[in-house]
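Asker: Pasting my_file-v6.txt here (compact mmCIF, C-alpha atoms (C1' of nucleotides)):
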# COMPACT_ATOMS: atom_id res chain seq x y z
CA MET A 22 35.06 9.24 17.78
CA ARG A 23 32.60 11.47 16.13
CA ALA A 24 31.88 12.56 12.60
CA ILE A 25 32.60 16.14 11.57
CA PHE A 26 30.09 18.36 13.32
CA LEU A 27 28.13 20.39 10.84
CA GLY A 28 26.33 22.33 13.53
CA VAL A 29 26.70 25.75 11.97
CA GLN A 30 23.58 27.67 12.81
CA ARG A 31 21.89 27.97 9.48
CA PRO A 32 19.46 30.78 8.81
CA PHE A 33 15.81 29.85 9.20
CA LEU A 34 13.98 28.98 6.01
CA HIS A 35 10.39 30.11 5.63
CA PRO A 36 8.36 28.89 2.67
CA PRO A 37 6.77 31.69 0.64
CA SER A 38 3.01 31.72 0.92
CA GLU A 39 2.57 30.49 -2.68
CA THR A 40 4.09 27.14 -1.73
CA LEU A 41 2.07 26.57 1.46
CA ARG A 42 0.36 23.17 1.45
CA LEU A 43 -2.86 22.43 3.30
CA GLU A 44 -1.65 18.93 4.22
CA SER A 45 1.54 20.28 5.81
CA ILE A 46 -0.45 22.75 7.86
CA LEU A 47 -2.87 20.06 9.06
CA TYR A 48 0.02 17.74 9.80
CA ALA A 49 1.75 20.43 11.85
CA LEU A 50 -1.44 21.10 13.82
CA ALA A 51 -2.23 17.39 14.34
CA ASP A 52 0.33 17.12 17.15
CA PRO A 53 -0.96 18.18 20.60
CA VAL A 54 2.28 19.98 21.45
CA ARG A 55 2.38 21.93 18.19
CA LEU A 56 -1.32 22.77 18.38
CA GLU A 57 -0.68 24.14 21.87
CA ILE A 58 2.29 26.20 20.64
CA VAL A 59 0.20 27.71 17.86
CA ARG A 60 -2.66 28.32 20.28
CA ARG A 61 -0.35 30.22 22.63
CA LEU A 62 1.12 32.24 19.80
CA ALA A 63 -2.41 33.12 18.65
CA THR A 64 -3.95 33.94 22.00
CA GLY A 65 -0.85 35.60 23.45
CA ASP A 66 -1.13 38.06 20.58
CA CYS A 67 2.60 38.79 20.71
CA PRO A 68 5.83 37.09 19.61
CA LEU A 69 7.01 34.38 21.97
CA ASN A 70 10.36 32.67 22.23
CA CYS A 71 10.55 28.90 21.90
CA SER A 72 10.64 27.98 25.57
CA THR A 73 7.73 30.29 26.41
CA ALA A 74 5.56 29.02 23.58
CA ALA A 75 6.25 25.31 24.12
CA PRO A 76 5.08 23.23 27.10
CA ALA A 77 7.90 23.66 29.62
CA HIS A 78 8.43 20.01 30.51
CA LEU A 79 9.55 19.15 26.95
CA PRO A 80 13.24 18.58 26.24
CA LYS A 81 14.82 21.42 24.26
CA SER A 82 15.67 19.18 21.36
CA THR A 83 12.05 18.13 21.05
CA GLN A 84 10.90 21.74 21.21
CA SER A 85 13.37 22.66 18.52
CA HIS A 86 12.11 19.82 16.33
CA HIS A 87 8.50 20.96 16.70
CA PHE A 88 9.36 24.54 15.80
CA GLN A 89 11.18 23.30 12.71
CA ILE A 90 8.02 21.52 11.56
CA LEU A 91 5.89 24.58 12.27
CA ARG A 92 8.34 26.74 10.28
CA GLU A 93 8.47 24.30 7.37
CA ALA A 94 4.67 24.15 7.25
CA GLY A 95 4.68 27.95 7.08
CA LEU A 96 2.70 28.40 10.29
CA VAL A 97 5.39 30.25 12.18
CA HIS A 98 8.00 32.85 11.33
CA SER A 99 11.13 32.66 13.50
CA GLU A 100 13.84 35.23 14.00
CA ARG A 101 16.92 35.22 16.19
CA ARG A 102 17.08 38.04 18.75
CA GLY A 103 20.22 37.69 20.79
CA THR A 104 20.26 34.26 22.39
CA GLU A 105 16.61 33.63 21.79
CA VAL A 106 14.33 32.98 18.85
CA VAL A 107 11.12 34.92 18.62
CA ASN A 108 8.22 33.32 16.84
CA VAL A 109 5.25 34.92 15.14
CA LEU A 110 2.22 33.20 13.64
CA ARG A 111 1.84 33.73 9.88
CA LEU A 112 -1.92 33.78 10.33
CA ASP A 113 -2.75 36.50 7.78
CA GLU A 114 -0.86 34.76 4.98
CA ILE A 115 -2.43 31.41 5.75
CA GLU A 116 -5.92 32.84 6.06
CA ALA A 117 -5.46 34.47 2.67
CA LYS A 118 -4.56 31.16 1.10
CA PHE A 119 -6.79 28.79 3.10
CA PRO A 120 -9.59 30.98 4.46
CA GLY A 121 -10.89 29.99 7.85
CA VAL A 122 -8.89 26.80 8.21
CA VAL A 123 -6.45 27.73 10.96
CA SER A 124 -8.72 30.23 12.72
CA THR A 125 -11.51 27.64 12.93
CA ILE A 126 -9.12 25.00 14.26
CA LEU A 127 -7.86 27.45 16.87
CA LYS A 128 -11.43 28.16 18.00
CA ALA A 129 -12.01 24.43 18.46
CA ALA A 130 -8.68 23.80 20.23
CA LYS A 131 -8.69 23.41 24.00
CA PRO A 132 -5.61 24.35 26.05
CA LEU A 133 -3.29 21.38 26.46
CA GLU A 134 -3.21 19.84 29.91
CA CYS A 135 0.41 19.40 30.82
CA PRO A 136 2.65 19.36 33.91
CA ASP A 137 3.54 23.06 33.63
CA ALA A 138 -0.03 24.29 33.28
CA ALA A 139 -0.45 24.92 37.02
CA LYS A 140 2.58 27.20 37.19
CA ARG A 141 0.97 29.55 34.71
CA GLY A 142 -2.11 30.05 36.85
CA GLY A 143 -4.34 27.74 34.83
CA MET B 30 6.16 -21.82 8.75
CA ARG B 31 3.72 -19.22 9.83
CA ALA B 32 2.21 -18.17 13.13
CA ILE B 33 -1.47 -18.81 13.82
CA PHE B 34 -3.48 -16.51 11.60
CA LEU B 35 -5.87 -14.35 13.60
CA GLY B 36 -7.51 -12.92 10.53
CA VAL B 37 -11.08 -13.22 11.67
CA GLN B 38 -12.93 -10.25 10.30
CA ARG B 39 -13.64 -8.21 13.32
CA PRO B 40 -16.57 -5.78 13.39
CA PHE B 41 -15.67 -2.15 12.68
CA LEU B 42 -15.27 0.04 15.72
CA HIS B 43 -16.51 3.62 15.55
CA PRO B 44 -15.70 6.00 18.38
CA PRO B 45 -18.77 7.73 19.86
CA SER B 46 -18.85 11.44 19.14
CA GLU B 47 -18.08 12.30 22.78
CA THR B 48 -14.61 10.83 22.43
CA LEU B 49 -13.69 12.49 19.12
CA ARG B 50 -10.37 14.32 19.34
CA LEU B 51 -9.46 17.34 17.23
CA GLU B 52 -5.84 16.16 16.88
CA SER B 53 -6.90 12.78 15.53
CA ILE B 54 -9.16 14.40 12.97
CA LEU B 55 -6.40 16.76 11.82
CA TYR B 56 -3.95 13.88 11.72
CA ALA B 57 -6.30 11.83 9.57
CA LEU B 58 -6.81 14.75 7.18
CA ALA B 59 -3.10 15.61 7.01
CA ASP B 60 -2.42 12.77 4.58
CA PRO B 61 -3.06 13.61 0.90
CA VAL B 62 -4.67 10.23 0.22
CA ARG B 63 -7.00 10.43 3.20
CA LEU B 64 -7.90 14.05 2.49
CA GLU B 65 -8.80 12.96 -1.03
CA ILE B 66 -10.94 10.09 0.27
CA VAL B 67 -12.82 12.42 2.59
CA ARG B 68 -13.20 14.98 -0.21
CA ARG B 69 -14.74 12.35 -2.49
CA LEU B 70 -17.07 11.14 0.24
CA ALA B 71 -18.14 14.74 0.85
CA THR B 72 -18.60 15.86 -2.73
CA GLY B 73 -19.98 12.54 -3.99
CA ASP B 74 -22.79 13.06 -1.51
CA CYS B 75 -23.41 9.31 -1.30
CA PRO B 76 -21.79 6.30 0.40
CA LEU B 77 -18.77 4.96 -1.48
CA ASN B 78 -16.98 1.68 -1.15
CA CYS B 79 -13.27 1.65 -0.35
CA SER B 80 -11.91 1.19 -3.85
CA THR B 81 -14.16 3.88 -5.29
CA ALA B 82 -13.31 6.41 -2.61
CA ALA B 83 -9.55 5.81 -2.60
CA PRO B 84 -7.13 6.69 -5.42
CA ALA B 85 -7.19 3.59 -7.63
CA HIS B 86 -3.45 3.11 -8.03
CA LEU B 87 -3.01 2.44 -4.29
CA PRO B 88 -2.44 -1.13 -3.08
CA LYS B 89 -5.47 -2.57 -1.30
CA SER B 90 -3.59 -3.02 1.93
CA THR B 91 -2.67 0.66 1.95
CA GLN B 92 -6.26 1.66 1.22
CA SER B 93 -7.45 -0.54 4.05
CA HIS B 94 -4.94 1.05 6.41
CA HIS B 95 -6.10 4.57 5.49
CA PHE B 96 -9.76 3.68 6.06
CA GLN B 97 -8.87 2.27 9.45
CA ILE B 98 -7.30 5.59 10.44
CA LEU B 99 -10.31 7.52 9.13
CA ARG B 100 -12.63 5.26 11.13
CA GLU B 101 -10.58 5.54 14.30
CA ALA B 102 -10.52 9.32 14.00
CA GLY B 103 -14.31 9.22 13.71
CA LEU B 104 -14.41 10.78 10.27
CA VAL B 105 -15.94 7.82 8.51
CA HIS B 106 -18.57 5.23 9.31
CA SER B 107 -18.05 1.89 7.57
CA GLU B 108 -20.46 -0.96 7.09
CA ARG B 109 -20.14 -4.25 5.26
CA ARG B 110 -22.60 -4.81 2.41
CA GLY B 111 -21.90 -8.11 0.74
CA THR B 112 -18.32 -8.20 -0.43
CA GLU B 113 -17.85 -4.48 -0.13
CA VAL B 114 -17.62 -1.89 2.59
CA VAL B 115 -19.66 1.26 2.25
CA ASN B 116 -18.33 4.39 3.85
CA VAL B 117 -20.20 7.48 4.99
CA LEU B 118 -18.75 10.72 6.34
CA ARG B 119 -19.74 11.50 9.92
CA LEU B 120 -19.81 15.18 9.05
CA ASP B 121 -22.84 16.20 11.14
CA GLU B 122 -21.43 14.71 14.33
CA ILE B 123 -18.04 16.29 13.78
CA GLU B 124 -19.49 19.68 12.90
CA ALA B 125 -21.53 19.55 16.10
CA LYS B 126 -18.42 18.96 18.16
CA PHE B 127 -15.88 21.04 16.20
CA PRO B 128 -17.94 23.57 14.27
CA GLY B 129 -16.57 24.52 10.89
CA VAL B 130 -13.32 22.60 11.15
CA VAL B 131 -13.85 19.84 8.62
CA SER B 132 -16.17 21.79 6.32
CA THR B 133 -13.63 24.62 6.09
CA ILE B 134 -10.80 22.20 5.37
CA LEU B 135 -12.89 20.56 2.65
CA LYS B 136 -13.54 23.93 1.04
CA ALA B 137 -9.79 24.58 0.96
CA ALA B 138 -8.88 21.10 -0.32
CA LYS B 139 -8.01 20.68 -3.99
CA PRO B 140 -8.63 17.35 -5.75
CA LEU B 141 -5.57 15.12 -5.52
CA GLU B 142 -3.62 14.71 -8.74
CA CYS B 143 -2.95 11.04 -9.18
CA PRO B 144 -2.50 8.45 -11.94
CA ASP B 145 -6.17 7.47 -12.00
CA ALA B 146 -7.52 11.00 -12.20
CA ALA B 147 -7.65 11.03 -16.01
CA LYS B 148 -9.78 7.89 -16.13
CA ARG B 149 -12.49 9.63 -14.19
CA GLY B 150 -12.82 12.42 -16.70
CA GLY B 151 -10.79 14.98 -14.77
C1' DT C 29 -22.27 -27.94 -3.13
C1' DT C 30 -18.32 -26.57 -5.41
C1' DC C 31 -15.71 -23.20 -7.93
C1' DA C 32 -14.00 -18.74 -9.17
C1' DA C 33 -14.14 -13.88 -8.80
C1' DT C 34 -14.40 -9.77 -6.07
C1' DA C 35 -13.67 -6.78 -2.02
C1' DG C 36 -11.28 -6.04 1.72
C1' DT C 37 -8.36 -7.54 6.06
C1' DT C 38 -4.32 -9.18 8.41
C1' DC C 39 0.47 -10.12 8.83
C1' DA C 40 5.42 -9.33 8.34
C1' DA C 41 9.26 -6.87 6.73
C1' DT C 42 11.32 -2.84 5.38
C1' DA C 43 11.58 2.14 5.08
C1' DG C 44 10.76 6.28 7.09
C1' DT C 45 9.73 9.53 11.11
C1' DC C 46 9.67 11.00 16.12
C1' DT C 47 11.74 11.59 20.66
C1' DT C 48 15.45 12.68 23.39
C1' DG C 49 20.31 12.88 25.68
C1' DA C 50 24.67 14.69 24.63
C1' DA C 51 27.60 17.77 22.29
C1' DC C 52 27.69 21.87 20.21
C1' DT C 53 26.98 27.17 18.65
C1' DT C 54 25.89 31.81 19.57
C1' DC C 55 24.97 35.71 22.24
C1' DG C 56 25.25 38.80 26.21
C1' DG C 57 26.88 40.09 30.71
C1' DA C 58 30.45 40.37 34.39
C1' DT D 30 37.73 35.78 28.56
C1' DC D 31 34.75 32.99 31.06
C1' DC D 32 30.08 31.66 32.16
C1' DG D 33 25.17 30.85 31.68
C1' DA D 34 21.08 30.87 28.82
C1' DA D 35 18.66 29.64 24.56
C1' DG D 36 18.52 26.81 20.72
C1' DT D 37 20.48 23.64 17.14
C1' DT D 38 22.48 19.44 15.51
C1' DC D 39 23.48 14.66 15.71
C1' DA D 40 22.76 9.78 16.75
C1' DA D 41 20.22 5.93 18.39
C1' DG D 42 16.32 3.62 19.81
C1' DA D 43 11.24 3.67 19.56
C1' DC D 44 7.48 4.18 16.90
C1' DT D 45 4.68 4.40 12.43
C1' DA D 46 3.76 3.85 7.34
C1' DT D 47 3.80 1.25 3.12
C1' DT D 48 3.12 -2.75 0.70
C1' DG D 49 3.33 -7.85 -1.12
C1' DA D 50 1.54 -12.15 0.17
C1' DA D 51 -1.73 -14.91 2.44
C1' DC D 52 -5.99 -14.89 4.06
C1' DT D 53 -11.49 -14.26 5.05
C1' DA D 54 -16.10 -13.50 3.43
C1' DT D 55 -19.60 -12.97 0.16
C1' DT D 56 -21.71 -13.52 -4.31
C1' DG D 57 -23.09 -15.73 -8.48
C1' DA D 58 -22.81 -19.44 -11.72
C1' DA D 59 -22.61 -24.23 -12.91
Represent the structure contained in this file as structure tokens.
Answerer:
Amino acid sequence: MRAIFLGVQRPFLHPPSETLRLESILYALADPVRLEIVRRLATGDCPLNCSTAAPAHLPKSTQSHHFQILREAGLVHSERRGTEVVNVLRLDEIEAKFPGVVSTILKAAKPLECPDAAKRGG
Amino acid sequence: MRAIFLGVQRPFLHPPSETLRLESILYALADPVRLEIVRRLATGDCPLNCSTAAPAHLPKSTQSHHFQILREAGLVHSERRGTEVVNVLRLDEIEAKFPGVVSTILKAAKPLECPDAAKRGG
DNA sequence: TTCAATAGTTCAATAGTCTTGAACTTCGGA
DNA sequence: TCCGAAGTTCAAGACTATTGAACTATTGAA
């Protein structure tokens, strides 16, 4: 027996840049997986769907959770395109509000070593 | 009845700068209380003991916990002086390893609004 | 030396968050 | 309409944070 399933796909919520909080951004970037996602979005220089941006060995539900945190922190803008979700970094907005913070972190961030790294020619 | 108390005061452990991790530093700074502690240590420009550096309304055990995380991340060096513990930011070491990261975050950080702020002439 | 005060640590319990498998939605193609 | 692909939602167990109470350690005074 299961409770009523509320799994309607709700539209993504993106905080306006006035409400961005430094702590939320740091928290989002403090996780190795999320830092890697943001790094790929930044260096790839193009929108990426969730499974391309996240380390491939991660369960989908975990990936989804990480993207939710990145969205809520205001780091990433997500949009459904057919069956997939394309993600774009909100770097300009964040740089305007917290100059240098994310770009400096990204410069210091090393690529994450993970099981799928070899497949990508790393 | 209580288990054997192991509360011997152990010496503080400070990670050498070679083992500092960006994620741990971001994690430590992602908490509003810890960001405020680091901000006070940076702007005060002098060593501060735990109760001076932390927001005053916080329980001691919580303060102690936050300083432990700051120490383990390598952000803070602590040393016992009599009954108190003096804390110094390890800013130079961190800047050498992750240039600009912490200094940029500190520039973007606003003072924390908290119950004891008024007492300090804020 | 004994006492009390001060500064901080440690422990334990509870509250909150993260990770992940399973069930589900939604879209697009055959 | 049926199927697969891409993500979301939910639930449960694992992990982490917060905090009161008990404790250690040092200092200064009597």
Asker: Using all atoms listed in the file, find the residues of chain D whose closest atom to chain A is at most 12 Å away, then write them as a ChimeraX atom specification.
Answerer: /D:33-40
Asker: So what do you get for atom C1' of DT47 of chain C versus atom CA of Ala75 of chain A, distance-wise?
Answerer: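 The value is 15.2 Å.
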Asker: Need the shell around Val54 of chain A: protein/DNA/RNA residues with any atom at most 10 Å away, counting only C-alpha atoms (C1' of nucleotides). Skip same-chain ones fewer than 5 positions apart. Format as a ChimeraX atom specification?
Answerer: /A:49,59-60,74-76,79,83-84,87,133,135
Asker: Pull out every residue of chain C that has at least one atom within 12 Å of chain B, counting all atoms listed in the file, and report them as a list in words.
Answerer: DA33, DT34, DA35, DG36, DT37, DT38, DC39 and DA40 of chain C
Asker: Find the nearest atom pair between each residue of chain B and chain A for residues within 9 Å, count all atoms listed in the file, give distances in Å to one decimal, sort rows by chain and ascending number, and present the table as CSV.
Answerer:
residue,atom,partner,partner_atom,distance
B:Leu51,CA,A:Ala130,CA,7.2
B:Glu52,CA,A:Ala51,CA,4.6
B:Ser53,CA,A:Ala51,CA,6.7
B:Ile54,CA,A:Ala51,CA,7.7
B:Leu55,CA,A:Ala51,CA,4.9
B:Tyr56,CA,A:Ala51,CA,4.7
B:Ala57,CA,A:Ala51,CA,8.4
B:Leu58,CA,A:Leu47,CA,6.9
B:Ala59,CA,A:Glu44,CA,4.6
B:Asp60,CA,A:Glu44,CA,6.2
B:Pro61,CA,A:Glu44,CA,6.4
B:Leu64,CA,A:Glu44,CA,8.1
B:Lys126,CA,A:Ala129,CA,8.4
B:Phe127,CA,A:Ala129,CA,5.6
B:Pro128,CA,A:Ala129,CA,7.3
B:Gly129,CA,A:Thr125,CA,6.3
B:Val130,CA,A:Thr125,CA,5.6
B:Val131,CA,A:Val122,CA,8.6
B:Thr133,CA,A:Val122,CA,5.6
B:Ile134,CA,A:Val122,CA,5.7
B:Lys136,CA,A:Phe119,CA,8.6
B:Ala137,CA,A:Phe119,CA,5.6
B:Ala138,CA,A:Leu43,CA,7.1
Asker: Provide the atom C1' of DT55 of chain D to atom CA of Gln97 of chain B distance in Å, to one decimal place.
Answerer: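 Answer for the atom C1' of DT55 of chain D to atom CA of Gln97 of chain B separation: 20.8 Å.
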Asker: Between atom CA of His98 of chain A and atom CA of Arg111 of chain A, what is the spacing in Å?
Answerer: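 Answer for the atom CA of Arg111 of chain A to atom CA of His98 of chain A separation: 6.4 Å.
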Asker: Got a sec: who's within 7 Å of Leu62 of chain A, counting all atoms listed in the file, leaving out chain neighbours fewer than 6 positions off, as a PyMOL selection string?
Answerer: chain A and resi 68-69+74+109-110
Asker: B:Arg63, B:Arg110, B:Leu120, B:Glu47: which is nearest DT56 of chain D, counting only C-alpha atoms (C1' of nucleotides)?
Answerer: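 The shortest atom-to-atom distance to DT56 of chain D comes from B:Arg110.
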Asker: Calculated over only C-alpha atoms, which of the candidates B:Ile66, B:Ala85, B:Leu104, B:Leu99 has the smallest distance to Glu124 of chain B?
Answerer: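 When distances to Glu124 of chain B are compared using only C-alpha atoms, the smallest one comes from B:Leu104.
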Asker: For each of D:DC52, D:DC31, D:DA46, D:DA58, take the minimum atom-to-atom distance to DA43 of chain C, counting only C-alpha atoms (C1' of nucleotides), then give the residue where this is smallest.
Answerer: D:DA46
